[in-house]
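**Q** Take a look at the following structure, please.
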Amino acid sequence: MMSKSKNKTIIGTCRICKNEKKLSFEHIPPKVAYNKNTRYYSIPHDEYYKIPDILNYKHHGQIFQGGMGEFCLCKECNSFLGSNYVRSFANWVNIGVDLVSKYEFNYCKVLTENQNPLRVLKQIISMFICINEPWFSDMYPELLDFVINPNNIILNERYKIYTYLNNEGQFRCFKWTETSDYGIICETTFPPYGYVLSIDNPNKIEHLTDITWFKYFSDNREHKFEISFYKHPTYYAMPLDFRTKTEIERDVKY
């Protein structure tokens with residue numbers, strides 16, 4: 001995932017309506033989630049894994065800026081997500097920003113107010129659809145059906161959405177990935193949250209917060225609920241790798 005010139009014309013398959021159109025740039029996460037002026041380096045994975053000391057690596061090459069995202073949506077579908085889900089997602093993001101900026105912890109439990117969890121979940125799933133190729137929603141059509149209908153609360157039990165708090169390490173963006181321990185996952189991390197989509201994995205992913213139950217909330221902005229969060233660093237570009245600097249240094253040494 002990278003930031004590209006917004007004036008560039010790209011024709012492709014819209015991830016939402018699945019039509020061949022001129023694609024607009026979708027910020028992932030949305031700009032209101034503090035992703036408006038993001039600056040970062042992008043290192044291809046095959047090069048990244050050759051770096052002997054990732055913690056002390058001096059980045060070289062082009063700096064991307066203007067927000068992380070993809071040319072993946074047509075203008076109409078971009079507007080659809082913006083008008084339906086982004087406002088609720090922004091309220092959700094502000095909870096995480098408040099927590100990671102004011103407190104030091106590895107685990108916490110909070111009471112949230114004035115939230116619309118259903119629409120937050122739909123925005124998160126739309127992000128996973130957008131970071132993957134068009135075939136992804138063909139293979140998992142229930143995810144797309146859940147997003148395109150704001151009132152749809154039906155999401156097959158094969159899909160689980162997890163979150164964690166993050167303010168330490170790197171951004172992450174892992175598309176469809178097959179793991180040995182957790183089956184098929186996708187993961188995206190941009191402070192203050194990381195999100196994991198788990199597919200066809202009957203086992204709970206420990207030390208993450210399962211928010212799949214957000215689908216059962218009615219569609220309004222006044223929900224109050226208690227939720228627990230784990231906070232994890234993301235120094236290493238490997239799905240579900242939450243080792244601290246000390247742990248990575250120890251593992252490299254031995």
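Every chain in the structure tokens takes a letter, A first, then B, and so on in the order presented; its residues are numbered from 1, and the ligands are numbered from 1 following the presented order.
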Need to verify the contact set: range 169-181 of chain A, 6 Å, only C-alpha atoms, exclusion of same-chain residues closer than 2 positions in sequence. Can you return it as an mmCIF file with N, CA and C atoms, in the first residue's frame?

**A**
```cif
data_model
loop_
_atom_site.group_PDB
_atom_site.id
_atom_site.type_symbol
_atom_site.label_atom_id
_atom_site.label_comp_id
_atom_site.auth_asym_id
_atom_site.auth_seq_id
_atom_site.Cartn_x
_atom_site.Cartn_y
_atom_site.Cartn_z
ATOM 1 N N ASN A 132 -6.943 -5.503 -0.513
ATOM 2 C CA ASN A 132 -6.763 -6.721 -1.295
ATOM 3 C C ASN A 132 -7.128 -6.497 -2.762
ATOM 4 N N GLY A 183 -4.387 -19.826 10.156
ATOM 5 C CA GLY A 183 -5.135 -19.908 8.903
ATOM 6 C C GLY A 183 -4.979 -18.644 8.084
ATOM 7 N N ILE A 184 -6.056 -18.226 7.424
ATOM 8 C CA ILE A 184 -6.033 -17.047 6.558
ATOM 9 C C ILE A 184 -6.283 -15.795 7.390
ATOM 10 N N ILE A 185 -5.392 -14.832 7.261
ATOM 11 C CA ILE A 185 -5.597 -13.558 7.945
ATOM 12 C C ILE A 185 -5.228 -12.410 7.015
ATOM 13 N N CYS A 186 -5.735 -11.235 7.342
ATOM 14 C CA CYS A 186 -5.268 -9.958 6.822
ATOM 15 C C CYS A 186 -5.023 -9.083 8.048
ATOM 16 N N GLU A 187 -4.062 -8.202 7.960
ATOM 17 C CA GLU A 187 -3.776 -7.332 9.099
ATOM 18 C C GLU A 187 -3.391 -5.950 8.606
ATOM 19 N N THR A 188 -3.936 -4.929 9.229
ATOM 20 C CA THR A 188 -3.543 -3.560 8.924
ATOM 21 C C THR A 188 -3.395 -2.798 10.226
ATOM 22 N N THR A 189 -2.325 -2.017 10.332
ATOM 23 C CA THR A 189 -2.031 -1.274 11.554
ATOM 24 C C THR A 189 -1.684 0.158 11.221
ATOM 25 N N PHE A 190 -2.384 1.056 11.845
ATOM 26 C CA PHE A 190 -2.109 2.479 11.746
ATOM 27 C C PHE A 190 -2.568 3.082 13.070
ATOM 28 N N PRO A 233 3.268 -3.558 20.251
ATOM 29 C CA PRO A 233 4.163 -2.896 19.304
ATOM 30 C C PRO A 233 4.199 -3.666 17.987
ATOM 31 N N THR A 234 4.605 -2.988 16.915
ATOM 32 C CA THR A 234 4.675 -3.637 15.600
ATOM 33 C C THR A 234 6.007 -3.280 14.934
ATOM 34 N N TYR A 235 7.097 -3.755 15.518
ATOM 35 C CA TYR A 235 8.417 -3.429 14.984
ATOM 36 C C TYR A 235 8.793 -4.281 13.786
#
```

**Q** At a cut-off of 7 Å, using only C-alpha atoms, what residues contact range 94-100 of chain A? Leave out same-chain residues fewer than 6 positions from it and give the result as a PyMOL selection string.

**A** chain A and resi 165+167+192-193

**Q** Neighbouring residues of His223 in chain A were defined as those with any atom within 7 Å, considering only C-alpha atoms; residues of the same chain fewer than 4 positions away were excluded. Please report them as a PyMOL selection string.

**A** chain A and resi 113-116

**Q** Here is a test: counting only C-alpha atoms, which residue of A:Ile124, A:Ala237, A:Val32, A:Val93 is nearest to Tyr162 in chain A?

**A**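 Smallest separation from Tyr162 in chain A among the options: A:Ile124.
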
**Q** Please return as a PyMOL selection string: the residues of range 11-181 of chain A that backbone DSSP assigns to strand (DSSP E or B).

**A** chain A and resi 11-13+20-27+39-41+63-65+69-74+107-115+159-165+169+172-179

**Q** Mind writing the picked residues with C-alpha atoms as a PDB file, in the first residue's frame?

**A**
```pdb
ATOM      1  CA  ILE A  11      -8.590   2.513 -14.596  1.00  0.00           C
ATOM      2  CA  GLY A  12      -9.423  -0.682 -12.776  1.00  0.00           C
ATOM      3  CA  THR A  13     -11.993  -2.750 -10.929  1.00  0.00           C
ATOM      4  CA  GLU A  20     -14.383  -1.234 -14.367  1.00  0.00           C
ATOM      5  CA  LYS A  21     -14.037   2.512 -13.757  1.00  0.00           C
ATOM      6  CA  LYS A  22     -11.655   5.344 -13.126  1.00  0.00           C
ATOM      7  CA  LEU A  23     -10.429   4.717  -9.590  1.00  0.00           C
ATOM      8  CA  SER A  24     -10.091   7.359  -6.912  1.00  0.00           C
ATOM      9  CA  PHE A  25      -7.579   7.298  -4.090  1.00  0.00           C
ATOM     10  CA  GLU A  26      -8.974   5.777  -0.909  1.00  0.00           C
ATOM     11  CA  HIS A  27      -7.123   6.695   2.272  1.00  0.00           C
ATOM     12  CA  ARG A  39       5.006  10.340   5.547  1.00  0.00           C
ATOM     13  CA  TYR A  40       6.659   6.932   5.314  1.00  0.00           C
ATOM     14  CA  TYR A  41       9.095   4.670   3.488  1.00  0.00           C
ATOM     15  CA  ILE A  63       9.521   8.970   0.930  1.00  0.00           C
ATOM     16  CA  PHE A  64       5.781   8.652   0.328  1.00  0.00           C
ATOM     17  CA  GLN A  65       3.514  11.274   1.772  1.00  0.00           C
ATOM     18  CA  GLY A  69      -4.002   4.219   0.743  1.00  0.00           C
ATOM     19  CA  GLU A  70      -4.788   2.696  -2.626  1.00  0.00           C
ATOM     20  CA  PHE A  71      -6.456   3.539  -5.924  1.00  0.00           C
ATOM     21  CA  CYS A  72      -9.165   0.967  -5.333  1.00  0.00           C
ATOM     22  CA  LEU A  73     -12.586   2.654  -5.447  1.00  0.00           C
ATOM     23  CA  CYS A  74     -14.619   4.578  -7.959  1.00  0.00           C
ATOM     24  CA  TYR A 107      -4.032  -3.976  28.831  1.00  0.00           C
ATOM     25  CA  CYS A 108      -7.000  -1.822  29.781  1.00  0.00           C
ATOM     26  CA  LYS A 109     -10.773  -1.880  30.060  1.00  0.00           C
ATOM     27  CA  VAL A 110     -12.827   1.190  29.178  1.00  0.00           C
ATOM     28  CA  LEU A 111     -16.429   2.302  28.967  1.00  0.00           C
ATOM     29  CA  THR A 112     -17.228   3.909  25.615  1.00  0.00           C
ATOM     30  CA  GLU A 113     -20.118   6.235  24.840  1.00  0.00           C
ATOM     31  CA  ASN A 114     -21.804   7.699  21.763  1.00  0.00           C
ATOM     32  CA  GLN A 115     -20.558   4.977  19.443  1.00  0.00           C
ATOM     33  CA  TYR A 159     -15.138 -14.291   9.697  1.00  0.00           C
ATOM     34  CA  LYS A 160     -13.685 -12.797  12.884  1.00  0.00           C
ATOM     35  CA  ILE A 161     -12.466  -9.232  13.324  1.00  0.00           C
ATOM     36  CA  TYR A 162      -9.923  -8.416  16.009  1.00  0.00           C
ATOM     37  CA  THR A 163      -8.356  -5.171  17.151  1.00  0.00           C
ATOM     38  CA  TYR A 164      -5.489  -3.997  19.332  1.00  0.00           C
ATOM     39  CA  LEU A 165      -4.071  -0.636  20.352  1.00  0.00           C
ATOM     40  CA  GLY A 169       6.625   0.359  15.764  1.00  0.00           C
ATOM     41  CA  ARG A 172       1.409  -2.662   8.692  1.00  0.00           C
ATOM     42  CA  CYS A 173      -0.598  -3.693   5.668  1.00  0.00           C
ATOM     43  CA  PHE A 174      -0.837  -7.413   5.037  1.00  0.00           C
ATOM     44  CA  LYS A 175      -3.191  -8.597   2.338  1.00  0.00           C
ATOM     45  CA  TRP A 176      -4.554 -12.155   2.166  1.00  0.00           C
ATOM     46  CA  THR A 177      -1.953 -14.189   4.053  1.00  0.00           C
ATOM     47  CA  GLU A 178      -1.901 -17.879   4.900  1.00  0.00           C
ATOM     48  CA  THR A 179      -0.336 -18.599   8.270  1.00  0.00           C
TER      49      THR A 179
END
```

**Q** Could you tell me which of A:Tyr85, A:Phe225, A:Tyr103, A:Tyr230 comes closest to Trp213 in chain A if we count only C-alpha atoms?

**A**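 Between A:Tyr85, A:Phe225, A:Tyr103, A:Tyr230, the residue approaching Trp213 in chain A most closely is A:Phe225.
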
**Q** Contacts of Ser126 in chain A at 10 Å or less, counting only C-alpha atoms, minus same-chain residues fewer than 4 places along, as a list in words?

**A** Arg15, Ile16, Ile28, Pro29, Leu81, Tyr85, Val120, Leu121, Lys122, Cys130, Ile131, Leu143, Leu144, Phe146, Val147 and Ile148 of chain A

**Q** Restricting it to C-alpha atoms, dump the selection as a compact mmCIF listing (two decimals), in the first residue's frame.

**A**
```txt
# COMPACT_ATOMS: atom_id res chain seq x y z
CA ARG A 15 -13.46 -3.09 -4.98
CA ILE A 16 -17.02 -2.23 -3.91
CA ILE A 28 -6.66 3.56 4.41
CA PRO A 29 -7.51 4.30 7.14
CA LEU A 81 -18.07 4.83 2.48
CA TYR A 85 -19.20 4.89 7.87
CA VAL A 120 -17.31 0.97 12.69
CA LEU A 121 -17.15 -2.72 11.84
CA LYS A 122 -18.35 -2.08 8.30
CA CYS A 130 -9.72 -2.26 -0.34
CA ILE A 131 -6.20 -3.43 0.52
CA LEU A 143 -17.78 -9.45 3.40
CA LEU A 144 -18.82 -7.27 0.49
CA PHE A 146 -22.01 -6.77 4.74
CA VAL A 147 -20.41 -3.50 3.65
CA ILE A 148 -22.64 -2.40 0.78
```

**Q** Pick out each residue of range 107-242 of chain A that DSSP on the backbone tags as helix (DSSP H, G or I); I need them as a ChimeraX atom specification.

**A** /A:117-131,135-139,141-148,212-216

**Q** Would you please work out which residue, of A:Thr212, A:Thr244, A:Ser101, A:Ser137, is nearest to Pro191 in chain A when using only C-alpha atoms?

**A**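 The closest residue to Pro191 in chain A is A:Ser101.
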
**Q** Take CA of Asn166 in chain A and CA of Asn220 in chain A and report the distance between them in Å, one decimal.

**A**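 About the pair CA of Asn166 in chain A and CA of Asn220 in chain A: they are 27.1 Å apart.
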